[in-house]
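Below: one structure, written as structure tokens.
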Amino acid sequence: MNGKKVKQSAVKSYWESRSPGLKHSKNDIGSHGFFTDVERERYSDKYKYKYLPSVARFDSFKGKDVLEIGVGLGTDIMQYAKHGANVHGIDLTERAVELTLERFKKNKLNGIFKTASFTKIPFKDNTFDMVYSFGVLHHSEETQEGIDEVFRVLKPGGNIIIMLYHKGFKYYIRKLFLYGILKGEFFKYSAQDIINRHSEDFGNCPLTKAYNRSEASKMFCNYDDVKFSVYRLDDNFRIFGKDISLSMAILPRKVYRYLENKFGWNLIIKANKPEN
């Protein structure tokens with residue numbers, strides 16, 4: 001980043017009009033058709049999030065207090081609500097909170113949502129049975145502060161399910177090779193700048209970080225029973241007008257899953273807060 005720290009105001013400004021998932025529908029933003037399209041695409045094979053419902057355990061927290069850090073369009077937190085969880089959520093942007101509230105209203109579901117930074121989560125210590133965050137904490141300079149805040153609001157024995165970007169095929173291999181080497185961007189930009197420029201649906205993200213398991217282990221060192229798994233290999237190529245995963249098409253499922261767990265780009269961290 002050439003020594004310059006990315007301000008939270010820049011992150012907020014970027015995401016205020018760029019909620020992930022907006023590209024999944026051509027219907028009017030906030031309409032019933034829009035939310036239906038977003039949910040269908042979210043868990044489809046096309047975007048390789050089909051794994052998410054089982055990994056996120058949407059159906060496992062009935063009657064429990066669940067917090068999502070970064071609600072986006074409200075798709076994931078709504079699944080917890082549908083299965084009977086008492087849901088709460090925060091987002092740095094006002095627009096995300098507004099859309100999530102509207103979505104819950106349309107679906108006659110209850111939830112408490114606030115505009116807030118994950119560096120200062122507006123809930124008391126030891127409040128939640130589970131804290132969930134998918135693809136949010138790595139877009140800030142204060143990732144570790146967010147992880148520590150999650151620890152604070154989590155009940156003793158409570159669970160976390162958090163996704164951070166992984167230093168796999170997509171990040172630090174494909175993007176840096178394509179843009180940094182083949183297109184010569186290393187002559188003008190650092191590796192971090194190149195990742196920022198070419199990450200996310202809209203590009204030119206203020207900050208997009210990625211981690212390996214060793215780095216993540218240190219970040220979550222206060223937690224118990226920390227487990228890692230990696231998904232989304234990002235080996236799609238467009239053939240005859242269709243996006244095809246070549247390795248999934250030609251490799252046995254077990255072999256593909258092995259490669260995905262090594263080189264994918266969704267690093268899932270599951271852990272517990274110690275009882276004492």
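Residues are referred to by chain and number: the chain letter is A, B, ... according to the order shown in the structure tokens, the number counts from 1 in that chain, and ligands are numbered separately from 1 in the order shown.
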Give me, as a PDB file with N, CA and C atoms, in the first residue's frame, all polymer residues having an atom no more than 8 Å from Thr100 in chain A, counting only C-alpha atoms and skipping those fewer than 6 positions away in the same chain.
```pdb
ATOM      1  N   VAL A  71     -23.743  -7.376   6.995  1.00  0.00           N
ATOM      2  CA  VAL A  71     -24.943  -8.084   6.514  1.00  0.00           C
ATOM      3  C   VAL A  71     -25.126  -8.005   5.006  1.00  0.00           C
ATOM      4  N   GLY A  72     -24.499  -7.008   4.357  1.00  0.00           N
ATOM      5  CA  GLY A  72     -24.654  -6.908   2.904  1.00  0.00           C
ATOM      6  C   GLY A  72     -26.102  -6.738   2.501  1.00  0.00           C
ATOM      7  N   LEU A  73     -26.612  -7.668   1.700  1.00  0.00           N
ATOM      8  CA  LEU A  73     -28.005  -7.639   1.267  1.00  0.00           C
ATOM      9  C   LEU A  73     -28.907  -8.486   2.167  1.00  0.00           C
ATOM     10  N   GLY A  74     -28.363  -8.999   3.251  1.00  0.00           N
ATOM     11  CA  GLY A  74     -29.170  -9.732   4.227  1.00  0.00           C
ATOM     12  C   GLY A  74     -29.456 -11.176   3.879  1.00  0.00           C
ATOM     13  N   PHE A 113     -30.784  -4.710  13.423  1.00  0.00           N
ATOM     14  CA  PHE A 113     -29.667  -4.371  12.551  1.00  0.00           C
ATOM     15  C   PHE A 113     -29.237  -2.929  12.801  1.00  0.00           C
TER      16      PHE A 113
END
```
Quick one: which range 22-69 of chain A residues come within 12 Å of range 134-150 of chain A, and what is the nearest atom pair for each with the distance in Å to one decimal, counting only C-alpha atoms, rows ordered by chain and ascending number, as a tab-separated table?
```
residue	atom	partner	partner_atom	distance
A:Tyr49	CA	A:Phe134	CA	11.4
A:Leu52	CA	A:Phe134	CA	9.9
A:Val55	CA	A:Phe134	CA	11.3
A:Ala56	CA	A:Phe134	CA	9.4
A:Val66	CA	A:Val150	CA	11.6
A:Leu67	CA	A:Val150	CA	9.3
A:Glu68	CA	A:Phe134	CA	8.4
A:Ile69	CA	A:Val136	CA	7.3
```
Go ahead and write the residues just picked, N, CA and C atoms, as a PDB file, in the first residue's frame.
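This went into result-v2.pdb:
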```pdb
ATOM      1  N   TYR A  49     -21.029 -21.172  -4.322  1.00  0.00           N
ATOM      2  CA  TYR A  49     -21.376 -21.040  -2.910  1.00  0.00           C
ATOM      3  C   TYR A  49     -22.378 -22.111  -2.495  1.00  0.00           C
ATOM      4  N   LEU A  52     -22.086 -23.317   0.972  1.00  0.00           N
ATOM      5  CA  LEU A  52     -22.262 -22.411   2.093  1.00  0.00           C
ATOM      6  C   LEU A  52     -23.335 -22.821   3.100  1.00  0.00           C
ATOM      7  N   VAL A  55     -21.854 -25.404   5.472  1.00  0.00           N
ATOM      8  CA  VAL A  55     -20.709 -24.884   6.227  1.00  0.00           C
ATOM      9  C   VAL A  55     -21.156 -23.819   7.234  1.00  0.00           C
ATOM     10  N   ALA A  56     -22.094 -22.977   6.832  1.00  0.00           N
ATOM     11  CA  ALA A  56     -22.583 -21.917   7.723  1.00  0.00           C
ATOM     12  C   ALA A  56     -23.561 -22.442   8.767  1.00  0.00           C
ATOM     13  N   VAL A  66     -27.645 -14.891  17.356  1.00  0.00           N
ATOM     14  CA  VAL A  66     -26.669 -14.909  16.268  1.00  0.00           C
ATOM     15  C   VAL A  66     -26.405 -13.485  15.783  1.00  0.00           C
ATOM     16  N   LEU A  67     -25.140 -13.157  15.583  1.00  0.00           N
ATOM     17  CA  LEU A  67     -24.743 -11.857  15.051  1.00  0.00           C
ATOM     18  C   LEU A  67     -24.000 -12.053  13.739  1.00  0.00           C
ATOM     19  N   GLU A  68     -24.361 -11.263  12.721  1.00  0.00           N
ATOM     20  CA  GLU A  68     -23.562 -11.243  11.493  1.00  0.00           C
ATOM     21  C   GLU A  68     -22.821  -9.919  11.404  1.00  0.00           C
ATOM     22  N   ILE A  69     -21.524 -10.006  11.112  1.00  0.00           N
ATOM     23  CA  ILE A  69     -20.694  -8.831  10.868  1.00  0.00           C
ATOM     24  C   ILE A  69     -20.667  -8.594   9.364  1.00  0.00           C
TER      25      ILE A  69
END
```
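Using only C-alpha atoms, the shortest contact distance between Asn272 in chain A and any of A:Arg57, A:Lys170, A:His83, A:Lys155 is found at A:Lys155.
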Sel. of strand (DSSP E or B) residues, range 35-99 of chain A, as a ChimeraX atom specification: /A:65-69,86-91
Contacts of range 14-29 of chain A within 6 Å, only C-alpha atoms, excl. fewer than 4 positions in-chain, as number ranges by chain: A: 34, 37-38, 72, 93
I'd like the interatomic distance between CA of Leu164 in chain A and CA of Leu267 in chain A, to a tenth of an Å. 5.2 Å
